[in-house]
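Enquirer: Here it is: the structure, laid out below.
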Amino acid sequence: MTDNFKFGRIFWIFSYILLSGDILTQVAAENEQSMCSFYGNCASNNKNPPGHYLCIVKHAPKPLDDVSMGILRQLCPELTNKYGKDLCCNGDQVRDLQKSFALSLPLLSRCPSCLYNFRQAFCDLPCSPIQSTFLSVNETLKGTENDETPSAKSVNYAIGAEYIQKTYESCKDVVLSSTNDVVMKAICGSWGSYHCTPQRWFEYMGDGVGNSFVPFTIHFEFRDKVEDGVENSGLIGINQPTYACSEVAPGESVKCSCVDCLGSCPAPPPPREKVDWTIKFEYGPEEHKITVFTIVGGITVIILIVAFKPILKRIHKATQSSGTEFEYAIVKFFTSLATFCARKPLFVIVPGTIVVVVFSCGIAMLEITTDPVELWASANSRSRIEKNYFDSTFVPFYRTEQLIVTAVDLPPILHVTATGNESFGPIFNLEFMKVLLDLQTAIAHDVNGNDPDSGDPVFLKDICFKPLDPANTNCATFSYLGWWQNNYTEILKSAPREDKNGNPVEDGSVDNYLDHFKYCSLNPSSPTDTTKLKLSCMGEYGGPIEPTVALGGFLDSTYLPLDPPYKDATTAVITFIVNNHVDKKEQRKAKAWEAAFIQFMHEYVKKENKMSAHMKIAFSSERSIEDELDRQSQNDIVTVAVSYLIMFLYIAVALGEQHSWGRLAIDSKASLGLLGVTIVLFSVSSSIGFFGFFGVKATLIIVEVIPFLVLAVGVDNIFIMVQTLQRTERKSNETIPEHLGRVIGHVAPSMMLNSLTDSASFFLGGLTGMPAVQAFAFYAGVALLFNFVLQFTVFIAFLSLDIQRQEAGRWDILCCIPRKHSKKPKYKDGFLFKVFKNIYAPFILSLPMRIVVLVMFTLWLGASVIMIPSIEVGLDQQISMPEDSYVLTYFQAMFNYLSIGPPVYFVVKDTEFDYHTNPNVQDLIRAGENPYSLVSQIYASSRASNTTYIAKSAASWLDDYRDWASSDKCCYYKGTRELPRFCPSIDTKRCKQCRIVKDENGFIEPDEFEKFLPFFLRDNPHEKCPKAGHAAYGDAVRYRKADDGNGAVPTASYFMTYHTILKTSKDYIEAMEEARAISANLTKTLNTGWLNFLD
């Protein structure tokens, strides 16, 4: 967002170019007899910036001195070739024109045809010897005692409608690269770029009342034919020849680039075909598809069963013998194992406990991550690799702290603007703005955390992003209150509205904060508005406040229209930008402040103030998601503990044999249930410790889910073993170990198959690339294996001891207390067991039901497959948050109110790309003649934003560097030309102009390119040098020292633009896919040239 700063000074510069007093005082009336109507500067207009009224004269053109003539030939070759030396301007005027053109060149030089058309009119104004044919006096100001020459307070200017139309058409799409927007947005006053027309553009440039940079009023007379006004005003008008932006203007070698001129663009390629994963049927909607599949699938399954039944029987017989042998081997193994564990329980329990304790010690080495990037993006994924490269090469994207404040139950604000009665959204309620400003000020200046290293207080100013530091040390804060420089006194200002002649309007209406907002929402980069308030639109930090960033609730769809209704906003978005760092230790100060910010906001929303009932506040910080994930896991620990307690009580009751009150304490299985639950916990802890030894990072989902998962499987196994043992009579000659071994051998195959398949399923799940899912799968799979091993060893050993206790007539838990021996009653089957054994099992295993079940399963499977395309791929962040989290409120507010998409960076990696010595290579990057250059392709993508999700053209440091190098107001140095030292262009005392050497095609000479690139990246933009690169590109270009140690050779750089509005997970995924498709084409362009880059 700070890359848009340079746009902030464009309005002043362009207005100065077109209408500064120094130029306009040079305007002279034309006539066919070469008569000057204006010549020289007269009375001051007492404006800021200062200017002069035109001196009214009537004499023949005068010869221009040779030095001034040489300057004018360079500036206006068409004028000097046509009229020679006898002109209506003197040397001072020519030098003023030179200064003005030095400012305009960086703005318009991207499009030579536009510059040519524009230059003609403003070369003729001060110097044409036939001024009287298109200029005349409208209002005269008398001279003074010191100078009796009268001045023109306002003039009439007759100009051809065809000329202004074609000039406008050639200039309207010229881009200011660093802002990702068009120049016209800043030079058409309150109309902005969308509502601007040729007439409105010129009328704004002549508005001496509303436009403080116009020294006097110019009344434009637009003529369909230049002769139309002869009978009325006596002016014929001027209608110079023009050239379309797609044409090569005289004296130029190239036409405008595709980025600056739609007519220069080739026919766009067809949209990239997307993979359609939908399973299509020609029978109608989804319910019809399912019906068709049900009928066809059911008939097919029945036919297959009938036809292949003999074959299936033969296959079953052939495999039965081999399967029986394998099952017998498993039964024999587990029978022996269980018998051994039952005979020597202590020999099994002690080593098992030691193993569990040893593995559990690995928990001390466990590293838990709550970073969403590490949770949801694989370290080997393309997105993670690209992010790591970007962060390490440049700087990580900023940390954002954000408030989304919606006005509730407040009426709209009505106001009479210059265009009539208008309604403004409720966030423009003055009391609402006052309370919100107090909140913003408190956050910016009062909220502070404690530095974890030094203990010193940390304020926002200590960690925030300051794009113009050290010239401007204010934090980059994006808030609509910034249009009034965060000053309530400025908001309350008002001034009587005046007409074009400077007289109060008849209805007595005034310009106030709403008129200022209306102007700034269309021209956020303007240093002053056109109202009588003359307030700046620039934020305190020195850059623009984009309305799409600071306002919300004015859209009815997910697409930003060309003319957004900003005035209908219901939501204010306040964003504080904080510096980020690759080293997490350097993030500690920022996190400390963020913790204080979150605490402050929690307390604030609970307080009562005048607007509490009318403000719905959502907030978030960079650390919020991590904090909430951690909080959720801490809360889940209690849930896990309660769940295990409930499961222990259930096992103790369900496993017990309640034959009589007399044997209740003996037949209870409380100790066995407690042991079973403990084994489950030890399985989980052993799994966690196992991976802790190997340094595998864990996620908090392990604490939240795996204990329940292992508990469910473990309890099933406990019930199977214990209840099967209870239902199986011990043979007369069997010992307890033999009996236990026989029972376990009987149930072990199915239990082993269940445990191994569960573990295998989780291990297969570990093949996924998402770290959170991968860690969960591996931890769960190993935990299930630990649980299986412990249950078939340690638990069996304890089970044998419990059987011995029960048969000895000892109490459960208090096993040292003997009780009078009573014979154990015979086990009786329970009610549910009888229902399943005698009713459900015979019914479901009958042949008709088998067919029905198989058919239903097949149909259900088919229906599920049909509905798979309806599942959206993605991860909804809201699912991961606790239900009572303030972050959920913030997510919902983002979805409902935000009106801008995230930035997207196209990075040219450090691959020895030759930017500086080879112009052909530069043409593959910049917005030049090559319509398939990197910048041109991104621009072409922005023209199809509904499919590419690219909203704007990209900011290009290479284009702006060329423009910066072309200006005499930008590059300055100290020391010698061979070993220059940087000098900021805003303070050039005792500095020298660089006068960077360029070839005939405008390319910077290689040595010069290397020498002055660091100057460009350090220079702050300002009125005289808007293309300076510090704010927009200070972090965008990486370079190494040149071979001679003097200068820089570019290595890696990025080109930033914005996505369209993205709200759902699907939007983000598709936007990423499109961005990668674009980057693939860009890669091919840079590697092989542009002729065959298309797929």
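Ligands are numbered from 1 in the order shown, chains are lettered A, B, ... in the order of the structure tokens, and residues start at 1 in each chain.
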Quick one: residues within 10 Å of range 1001-1016 of chain A, only C-alpha atoms counted, chain neighbours fewer than 6 positions away excluded, as a short mmCIF file (atom, residue, chain, number, x, y, z; two decimals) with N, CA and C atoms, in the first residue's frame?

Expert:
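Written file, result.cif:
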```
data_model
loop_
_atom_site.label_atom_id
_atom_site.label_comp_id
_atom_site.auth_asym_id
_atom_site.auth_seq_id
_atom_site.Cartn_x
_atom_site.Cartn_y
_atom_site.Cartn_z
N GLU A 252 9.58 11.36 -32.82
CA GLU A 252 9.69 10.23 -31.90
C GLU A 252 10.00 8.97 -32.68
N SER A 253 10.53 7.97 -32.00
CA SER A 253 10.88 6.71 -32.67
C SER A 253 9.98 5.56 -32.26
N VAL A 254 9.20 5.76 -31.20
CA VAL A 254 8.35 4.67 -30.70
C VAL A 254 6.96 5.22 -30.39
N TYR A 915 20.00 -6.57 -16.60
CA TYR A 915 19.14 -5.40 -16.72
C TYR A 915 19.86 -4.21 -17.35
N HIS A 916 21.12 -4.04 -17.04
CA HIS A 916 21.76 -2.74 -17.24
C HIS A 916 22.56 -2.59 -18.53
N THR A 917 23.08 -3.68 -19.09
CA THR A 917 23.92 -3.53 -20.27
C THR A 917 23.22 -3.86 -21.58
N ASN A 918 22.06 -4.52 -21.48
CA ASN A 918 21.38 -4.99 -22.69
C ASN A 918 19.98 -4.38 -22.78
N PRO A 919 19.76 -3.41 -23.66
CA PRO A 919 18.43 -2.80 -23.81
C PRO A 919 17.35 -3.80 -24.19
N GLN A 922 15.95 -5.21 -21.12
CA GLN A 922 15.05 -4.26 -20.47
C GLN A 922 13.69 -4.27 -21.14
N TRP A 957 9.76 -0.76 -11.28
CA TRP A 957 10.87 0.08 -10.87
C TRP A 957 11.73 0.47 -12.07
N LEU A 958 11.80 -0.39 -13.08
CA LEU A 958 12.64 -0.11 -14.24
C LEU A 958 12.09 1.07 -15.04
N ASP A 960 10.13 3.47 -13.83
CA ASP A 960 10.26 4.69 -13.03
C ASP A 960 11.71 5.13 -12.90
N TYR A 961 12.63 4.20 -12.92
CA TYR A 961 14.04 4.58 -12.89
C TYR A 961 14.41 5.34 -14.15
N ARG A 962 13.93 4.91 -15.29
CA ARG A 962 14.19 5.62 -16.55
C ARG A 962 13.61 7.03 -16.50
N ASP A 963 12.38 7.15 -15.98
CA ASP A 963 11.76 8.47 -15.90
C ASP A 963 12.47 9.36 -14.90
N TRP A 964 12.87 8.77 -13.78
CA TRP A 964 13.62 9.52 -12.76
C TRP A 964 14.94 10.03 -13.34
N ALA A 965 15.60 9.19 -14.10
CA ALA A 965 16.88 9.58 -14.69
C ALA A 965 16.70 10.65 -15.78
N SER A 966 15.50 10.77 -16.34
CA SER A 966 15.25 11.75 -17.40
C SER A 966 14.98 13.14 -16.86
N CYS A 970 15.65 15.43 -10.24
CA CYS A 970 15.66 14.24 -9.40
C CYS A 970 17.05 13.81 -8.93
N CYS A 971 17.99 13.66 -9.83
CA CYS A 971 19.27 13.06 -9.46
C CYS A 971 20.31 14.14 -9.15
N TYR A 972 20.83 14.10 -7.92
CA TYR A 972 21.87 15.03 -7.49
C TYR A 972 22.95 14.25 -6.73
N TYR A 973 24.14 14.80 -6.72
CA TYR A 973 25.24 14.12 -6.05
C TYR A 973 26.18 15.13 -5.42
N ARG A 977 32.06 13.35 -10.07
CA ARG A 977 31.20 12.57 -10.97
C ARG A 977 31.67 11.13 -11.03
N GLU A 978 32.98 10.91 -10.87
CA GLU A 978 33.53 9.55 -10.93
C GLU A 978 33.18 8.77 -9.66
N LEU A 979 33.19 9.45 -8.51
CA LEU A 979 32.88 8.81 -7.22
C LEU A 979 31.79 9.63 -6.52
N PRO A 980 30.59 9.61 -7.04
CA PRO A 980 29.54 10.47 -6.48
C PRO A 980 28.98 9.92 -5.16
N ARG A 981 28.52 10.85 -4.32
CA ARG A 981 27.83 10.50 -3.09
C ARG A 981 26.40 10.99 -3.19
N PHE A 982 25.50 10.22 -2.64
CA PHE A 982 24.07 10.52 -2.78
C PHE A 982 23.70 11.85 -2.15
N CYS A 983 22.83 12.57 -2.85
CA CYS A 983 22.26 13.82 -2.34
C CYS A 983 20.76 13.76 -2.59
N PRO A 984 19.92 13.91 -1.55
CA PRO A 984 18.47 13.85 -1.75
C PRO A 984 17.98 14.99 -2.61
N SER A 985 17.07 14.69 -3.52
CA SER A 985 16.60 15.70 -4.46
C SER A 985 15.72 16.75 -3.81
N CYS A 994 23.08 15.30 -11.69
CA CYS A 994 23.75 14.12 -12.26
C CYS A 994 23.82 14.20 -13.78
N ARG A 995 22.72 14.66 -14.41
CA ARG A 995 22.64 14.69 -15.87
C ARG A 995 23.04 13.31 -16.44
N LYS A 1027 8.85 10.52 -9.13
CA LYS A 1027 9.27 9.16 -9.50
C LYS A 1027 10.42 8.63 -8.64
N ALA A 1028 10.86 9.38 -7.64
CA ALA A 1028 11.92 8.88 -6.76
C ALA A 1028 11.48 7.54 -6.15
N GLY A 1029 12.43 6.62 -5.98
CA GLY A 1029 12.06 5.23 -5.74
C GLY A 1029 12.07 4.72 -4.33
N HIS A 1030 12.41 5.56 -3.33
CA HIS A 1030 12.55 5.03 -1.98
C HIS A 1030 11.25 4.45 -1.44
N TYR A 1033 10.04 1.44 -4.03
CA TYR A 1033 10.94 0.37 -4.47
C TYR A 1033 12.15 0.17 -3.55
N GLY A 1034 12.15 0.83 -2.39
CA GLY A 1034 13.30 0.69 -1.50
C GLY A 1034 13.60 -0.74 -1.12
N VAL A 1037 14.10 -3.95 -4.91
CA VAL A 1037 15.24 -4.25 -5.77
C VAL A 1037 16.43 -4.65 -4.90
N ARG A 1038 17.01 -5.78 -5.20
CA ARG A 1038 18.23 -6.20 -4.54
C ARG A 1038 19.37 -6.15 -5.55
N TYR A 1039 20.53 -5.74 -5.10
CA TYR A 1039 21.66 -5.59 -6.02
C TYR A 1039 22.96 -5.93 -5.32
N ARG A 1040 23.96 -6.20 -6.14
CA ARG A 1040 25.31 -6.41 -5.63
C ARG A 1040 26.18 -5.25 -6.11
N LYS A 1041 27.31 -5.09 -5.49
CA LYS A 1041 28.21 -4.02 -5.90
C LYS A 1041 28.75 -4.28 -7.30
N ALA A 1042 28.88 -3.20 -8.04
CA ALA A 1042 29.46 -3.33 -9.37
C ALA A 1042 30.91 -3.77 -9.27
N ASP A 1043 31.44 -4.27 -10.36
CA ASP A 1043 32.80 -4.79 -10.35
C ASP A 1043 33.83 -3.75 -9.92
N GLY A 1045 33.25 -1.48 -7.79
CA GLY A 1045 32.91 -1.06 -6.44
C GLY A 1045 32.13 0.23 -6.37
N ASN A 1046 31.85 0.83 -7.50
CA ASN A 1046 31.13 2.10 -7.53
C ASN A 1046 29.83 1.92 -8.28
N GLY A 1047 28.75 1.69 -7.56
CA GLY A 1047 27.47 1.45 -8.21
C GLY A 1047 26.90 0.10 -7.85
N ALA A 1048 25.83 -0.27 -8.53
CA ALA A 1048 25.10 -1.49 -8.18
C ALA A 1048 24.62 -2.21 -9.42
N VAL A 1049 24.65 -3.53 -9.36
CA VAL A 1049 24.14 -4.38 -10.43
C VAL A 1049 22.89 -5.09 -9.88
N PRO A 1050 21.72 -4.85 -10.48
CA PRO A 1050 20.48 -5.49 -9.97
C PRO A 1050 20.57 -7.01 -10.03
#
```

Enquirer: Give me every strand (DSSP E or B) residue in range 684-836 of chain A, going by DSSP on the backbone, as a list in words.

Expert: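 After running DSSP on the backbone, range 684-836 of chain A has strand (DSSP E or B) at Ala698, Thr699, Arg810 and Pro818 of chain A.
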
Enquirer: Can you pull out every residue from range 817-969 of chain A that DSSP, working from the backbone, puts in alpha helix (DSSP H), and format the result as an NGL selection string?

Expert: :A and (831-835 or 841-844 or 847-867 or 886-897 or 919-923 or 934-942 or 945-948 or 957-966)

Enquirer: Could you check the closest approach to Ala572 in chain A for each of A:Gln440, A:Ser880, A:Ser686, A:Ser759 and tell me which residue wins, using only C-alpha atoms?

Expert: A:Gln440

Enquirer: Leaving out Pro150 in chain A and any residue of its chain fewer than 6 positions from it, which residues lie within 6 Å of it when counting only C-alpha atoms, given as a PyMOL selection string?

Expert: chain A and resi 56+141-143

Enquirer: If we count only C-alpha atoms, what is near Ala596 in chain A at a cut-off of 12 Å, once residues fewer than 2 positions away on the same chain are taken out, given as an mmCIF file with N, CA and C atoms, in the first residue's frame?

Expert:
```cif
data_model
loop_
_atom_site.group_PDB
_atom_site.id
_atom_site.type_symbol
_atom_site.label_atom_id
_atom_site.label_comp_id
_atom_site.auth_asym_id
_atom_site.auth_seq_id
_atom_site.Cartn_x
_atom_site.Cartn_y
_atom_site.Cartn_z
ATOM 1 N N GLU A 401 -2.185 -4.719 11.862
ATOM 2 C CA GLU A 401 -3.064 -4.608 13.024
ATOM 3 C C GLU A 401 -4.273 -3.807 12.540
ATOM 4 N N ILE A 443 -4.612 4.182 20.461
ATOM 5 C CA ILE A 443 -3.829 3.034 19.999
ATOM 6 C C ILE A 443 -2.455 3.483 19.512
ATOM 7 N N ALA A 444 -2.426 4.580 18.768
ATOM 8 C CA ALA A 444 -1.168 5.038 18.164
ATOM 9 C C ALA A 444 -0.190 5.595 19.186
ATOM 10 N N ASP A 446 -0.824 5.711 23.017
ATOM 11 C CA ASP A 446 -0.881 5.306 24.425
ATOM 12 C C ASP A 446 -0.628 3.820 24.651
ATOM 13 N N VAL A 447 -1.113 2.979 23.755
ATOM 14 C CA VAL A 447 -0.946 1.533 23.939
ATOM 15 C C VAL A 447 0.536 1.182 23.883
ATOM 16 N N ASN A 448 0.996 0.409 24.864
ATOM 17 C CA ASN A 448 2.401 -0.008 24.870
ATOM 18 C C ASN A 448 2.554 -1.349 25.551
ATOM 19 N N GLY A 449 3.501 -2.115 25.053
ATOM 20 C CA GLY A 449 3.844 -3.387 25.654
ATOM 21 C C GLY A 449 5.225 -3.305 26.286
ATOM 22 N N ASN A 450 5.697 -4.415 26.782
ATOM 23 C CA ASN A 450 7.021 -4.468 27.403
ATOM 24 C C ASN A 450 7.976 -5.264 26.542
ATOM 25 N N ASP A 451 9.102 -4.644 26.234
ATOM 26 C CA ASP A 451 10.137 -5.331 25.464
ATOM 27 C C ASP A 451 10.595 -6.558 26.247
ATOM 28 N N PRO A 457 9.256 0.025 27.666
ATOM 29 C CA PRO A 457 7.959 0.076 26.984
ATOM 30 C C PRO A 457 8.122 0.145 25.467
ATOM 31 N N VAL A 458 7.226 -0.516 24.767
ATOM 32 C CA VAL A 458 7.237 -0.537 23.306
ATOM 33 C C VAL A 458 5.969 0.131 22.811
ATOM 34 N N PHE A 459 6.119 1.239 22.073
ATOM 35 C CA PHE A 459 4.987 1.947 21.490
ATOM 36 C C PHE A 459 4.924 1.640 19.994
ATOM 37 N N LEU A 460 3.810 2.007 19.402
ATOM 38 C CA LEU A 460 3.631 1.764 17.971
ATOM 39 C C LEU A 460 4.739 2.430 17.164
ATOM 40 N N LYS A 589 9.445 -7.661 19.903
ATOM 41 C CA LYS A 589 8.945 -6.341 20.295
ATOM 42 C C LYS A 589 7.566 -6.092 19.685
ATOM 43 N N ALA A 590 7.424 -6.452 18.410
ATOM 44 C CA ALA A 590 6.130 -6.265 17.753
ATOM 45 C C ALA A 590 5.057 -7.118 18.422
ATOM 46 N N LYS A 591 5.390 -8.349 18.770
ATOM 47 C CA LYS A 591 4.415 -9.223 19.417
ATOM 48 C C LYS A 591 4.039 -8.707 20.799
ATOM 49 N N ALA A 592 5.001 -8.092 21.490
ATOM 50 C CA ALA A 592 4.698 -7.520 22.803
ATOM 51 C C ALA A 592 3.692 -6.381 22.667
ATOM 52 N N TRP A 593 3.889 -5.538 21.656
ATOM 53 C CA TRP A 593 2.939 -4.437 21.446
ATOM 54 C C TRP A 593 1.588 -4.987 21.012
ATOM 55 N N GLU A 594 1.596 -6.001 20.166
ATOM 56 C CA GLU A 594 0.339 -6.582 19.703
ATOM 57 C C GLU A 594 -0.452 -7.178 20.862
ATOM 58 N N ILE A 598 -4.220 -6.020 21.793
ATOM 59 C CA ILE A 598 -5.370 -6.924 21.925
ATOM 60 C C ILE A 598 -6.042 -6.742 23.282
ATOM 61 N N GLN A 599 -5.222 -6.654 24.337
ATOM 62 C CA GLN A 599 -5.781 -6.445 25.673
ATOM 63 C C GLN A 599 -6.530 -5.122 25.752
ATOM 64 N N PHE A 600 -5.956 -4.088 25.157
ATOM 65 C CA PHE A 600 -6.600 -2.772 25.158
ATOM 66 C C PHE A 600 -7.950 -2.836 24.453
ATOM 67 N N MET A 601 -7.998 -3.522 23.302
ATOM 68 C CA MET A 601 -9.238 -3.588 22.544
ATOM 69 C C MET A 601 -10.298 -4.413 23.281
ATOM 70 N N HIS A 602 -9.890 -5.489 23.969
ATOM 71 C CA HIS A 602 -10.851 -6.267 24.750
ATOM 72 C C HIS A 602 -11.486 -5.386 25.831
ATOM 73 N N GLU A 603 -10.674 -4.580 26.475
ATOM 74 C CA GLU A 603 -11.187 -3.697 27.524
ATOM 75 C C GLU A 603 -12.037 -2.577 26.923
ATOM 76 N N SER A 621 -4.904 -8.722 15.191
ATOM 77 C CA SER A 621 -3.490 -8.385 15.022
ATOM 78 C C SER A 621 -2.805 -9.550 14.318
ATOM 79 N N ARG A 623 -0.676 -11.534 15.433
ATOM 80 C CA ARG A 623 -0.504 -12.703 16.292
ATOM 81 C C ARG A 623 -1.830 -13.323 16.722
ATOM 82 N N SER A 624 -2.950 -12.763 16.311
ATOM 83 C CA SER A 624 -4.248 -13.181 16.839
ATOM 84 C C SER A 624 -4.553 -14.652 16.581
#
```

Enquirer: For Ile796 in chain A, list every protein, DNA or RNA residue within 12 Å, evaluated using only C-alpha atoms, and leave out those in the same chain fewer than 4 positions away; present the list as an mmCIF file with C-alpha atoms, in the first residue's frame.

Expert:
```cif
data_model
loop_
_atom_site.group_PDB
_atom_site.id
_atom_site.type_symbol
_atom_site.label_atom_id
_atom_site.label_comp_id
_atom_site.auth_asym_id
_atom_site.auth_seq_id
_atom_site.Cartn_x
_atom_site.Cartn_y
_atom_site.Cartn_z
ATOM 1 C CA PHE A 334 -1.045 -64.266 20.314
ATOM 2 C CA THR A 335 -2.081 -67.270 22.411
ATOM 3 C CA LEU A 337 2.115 -64.114 23.964
ATOM 4 C CA ALA A 338 -0.946 -63.706 26.169
ATOM 5 C CA THR A 339 -0.128 -66.872 28.107
ATOM 6 C CA PHE A 340 3.411 -65.647 28.769
ATOM 7 C CA CYS A 341 2.207 -62.176 29.885
ATOM 8 C CA ALA A 342 -0.349 -63.746 32.202
ATOM 9 C CA ARG A 343 2.152 -66.161 33.766
ATOM 10 C CA LYS A 344 4.826 -63.525 34.393
ATOM 11 C CA PRO A 345 2.984 -60.239 34.774
ATOM 12 C CA LEU A 346 5.720 -58.367 36.625
ATOM 13 C CA VAL A 348 6.054 -57.644 31.445
ATOM 14 C CA ILE A 349 4.779 -54.685 33.491
ATOM 15 C CA GLY A 352 6.725 -51.934 29.677
ATOM 16 C CA LEU A 672 -8.855 -52.320 35.345
ATOM 17 C CA LEU A 675 -5.394 -48.967 33.948
ATOM 18 C CA GLY A 676 -6.975 -49.121 30.482
ATOM 19 C CA ILE A 679 -2.494 -47.122 28.923
ATOM 20 C CA ASN A 717 -10.139 -53.376 22.523
ATOM 21 C CA ILE A 718 -10.593 -53.437 26.300
ATOM 22 C CA MET A 721 -10.874 -58.738 25.529
ATOM 23 C CA VAL A 722 -12.602 -58.485 28.909
ATOM 24 C CA LEU A 725 -13.071 -63.545 28.596
ATOM 25 C CA ILE A 736 -5.764 -68.698 34.361
ATOM 26 C CA PRO A 737 -2.843 -67.920 31.953
ATOM 27 C CA HIS A 739 -7.534 -69.580 29.677
ATOM 28 C CA LEU A 740 -6.517 -65.985 29.052
ATOM 29 C CA GLY A 741 -4.164 -67.047 26.258
ATOM 30 C CA VAL A 743 -9.367 -66.178 24.644
ATOM 31 C CA ILE A 744 -6.864 -63.548 23.481
ATOM 32 C CA GLY A 745 -5.729 -65.834 20.659
ATOM 33 C CA ALA A 748 -6.437 -61.099 18.461
ATOM 34 C CA PHE A 788 -1.908 -52.033 20.490
ATOM 35 C CA VAL A 789 1.436 -53.228 21.872
ATOM 36 C CA LEU A 790 0.720 -52.064 25.416
ATOM 37 C CA GLN A 791 -2.739 -53.618 25.443
ATOM 38 C CA PHE A 792 -1.455 -57.006 24.255
ATOM 39 C CA SER A 800 -4.414 -61.763 34.753
ATOM 40 C CA LEU A 801 -3.695 -60.146 38.117
ATOM 41 C CA ASP A 802 -7.244 -58.799 38.249
ATOM 42 C CA ILE A 803 -8.672 -62.247 37.519
#
```

Enquirer: Could you name the residues that touch Val710 in chain A at 8 Å or less, counting only C-alpha atoms, but leaving out those on the same chain fewer than 5 positions away, as a PyMOL selection string?

Expert: chain A and resi 680+683-684+780+783-784+787

Enquirer: Now that the selection is made, can you save its residues with N, CA and C atoms as a CSV table (one decimal), in the first residue's frame?

Expert:
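Okay, selection.csv is ready:
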```
chain,number,residue,atom,x,y,z
A,680,VAL,N,-4.0,-45.8,27.5
A,680,VAL,CA,-4.3,-44.9,26.4
A,680,VAL,C,-3.5,-43.7,26.5
A,683,SER,N,0.1,-44.3,25.7
A,683,SER,CA,0.2,-44.5,24.2
A,683,SER,C,0.4,-43.1,23.5
A,684,VAL,N,-0.4,-42.2,23.9
A,684,VAL,CA,-0.3,-40.8,23.3
A,684,VAL,C,1.0,-40.2,23.7
A,780,ALA,N,-0.8,-39.9,15.3
A,780,ALA,CA,-2.0,-40.8,15.6
A,780,ALA,C,-1.6,-42.2,15.2
A,783,ALA,N,0.7,-43.6,17.8
A,783,ALA,CA,0.0,-43.8,19.1
A,783,ALA,C,-0.9,-45.0,19.1
A,784,LEU,N,-1.5,-45.3,18.0
A,784,LEU,CA,-2.3,-46.5,17.9
A,784,LEU,C,-1.5,-47.8,17.9
A,787,ASN,N,-0.5,-48.2,21.5
A,787,ASN,CA,-1.7,-48.7,22.3
A,787,ASN,C,-1.9,-50.2,22.1
```

Enquirer: Determine, counting only C-alpha atoms, which protein, DNA and RNA residues have an atom within 9 Å of an atom of Gly160 in chain A; residues of the same chain fewer than 5 positions away are not included. Present the result as a compact mmCIF listing (two decimals) with N, CA, C and O atoms, in the first residue's frame.

Expert:
```txt
# COMPACT_ATOMS: atom_id res chain seq x y z
N GLN A 165 -10.34 16.44 -27.32
CA GLN A 165 -10.79 15.06 -27.30
C GLN A 165 -9.65 14.10 -27.61
O GLN A 165 -9.42 13.12 -26.89
N GLU A 221 -13.41 27.90 -24.19
CA GLU A 221 -14.49 27.88 -25.18
C GLU A 221 -14.19 26.74 -26.15
O GLU A 221 -13.24 26.80 -26.92
N PHE A 222 -15.00 25.68 -26.07
CA PHE A 222 -14.76 24.49 -26.88
C PHE A 222 -15.49 24.63 -28.21
O PHE A 222 -16.70 24.82 -28.24
N ARG A 223 -14.75 24.52 -29.30
CA ARG A 223 -15.30 24.75 -30.63
C ARG A 223 -15.31 23.45 -31.44
O ARG A 223 -14.28 22.78 -31.55
N ASP A 224 -16.45 23.13 -31.97
CA ASP A 224 -16.49 22.00 -32.91
C ASP A 224 -15.67 22.33 -34.15
O ASP A 224 -15.02 21.46 -34.73
N LYS A 225 -15.74 23.61 -34.54
CA LYS A 225 -14.88 24.12 -35.61
C LYS A 225 -14.24 25.39 -35.08
O LYS A 225 -14.91 26.22 -34.46
N VAL A 226 -12.97 25.54 -35.35
CA VAL A 226 -12.26 26.69 -34.75
C VAL A 226 -12.79 28.01 -35.26
O VAL A 226 -12.60 29.05 -34.65
N GLY A 237 -9.68 30.33 -32.38
CA GLY A 237 -9.39 29.11 -31.64
C GLY A 237 -8.17 28.39 -32.17
O GLY A 237 -7.69 28.66 -33.28
N ILE A 238 -7.67 27.46 -31.37
CA ILE A 238 -6.49 26.69 -31.73
C ILE A 238 -6.88 25.22 -31.84
O ILE A 238 -7.64 24.70 -31.04
N ASN A 239 -6.40 24.58 -32.85
CA ASN A 239 -6.75 23.17 -33.08
C ASN A 239 -5.55 22.48 -33.71
O ASN A 239 -5.55 22.13 -34.89
N GLN A 240 -4.51 22.25 -32.91
CA GLN A 240 -3.27 21.69 -33.40
C GLN A 240 -3.46 20.23 -33.83
O GLN A 240 -4.33 19.53 -33.32
```

Enquirer: If you take only C-alpha atoms and a cut-off of 12 Å, which residues of range 426-538 of chain A touch range 193-199 of chain A, and what are their nearest atom pairs and distances in Å to one decimal, in chain and number order, as CSV?

Expert:
```
residue,atom,partner,partner_atom,distance
A:Ser521,CA,A:Ser193,CA,11.6
A:Leu522,CA,A:Ser193,CA,7.9
A:Asn523,CA,A:Ser193,CA,8.9
A:Pro524,CA,A:Ser193,CA,12.0
```
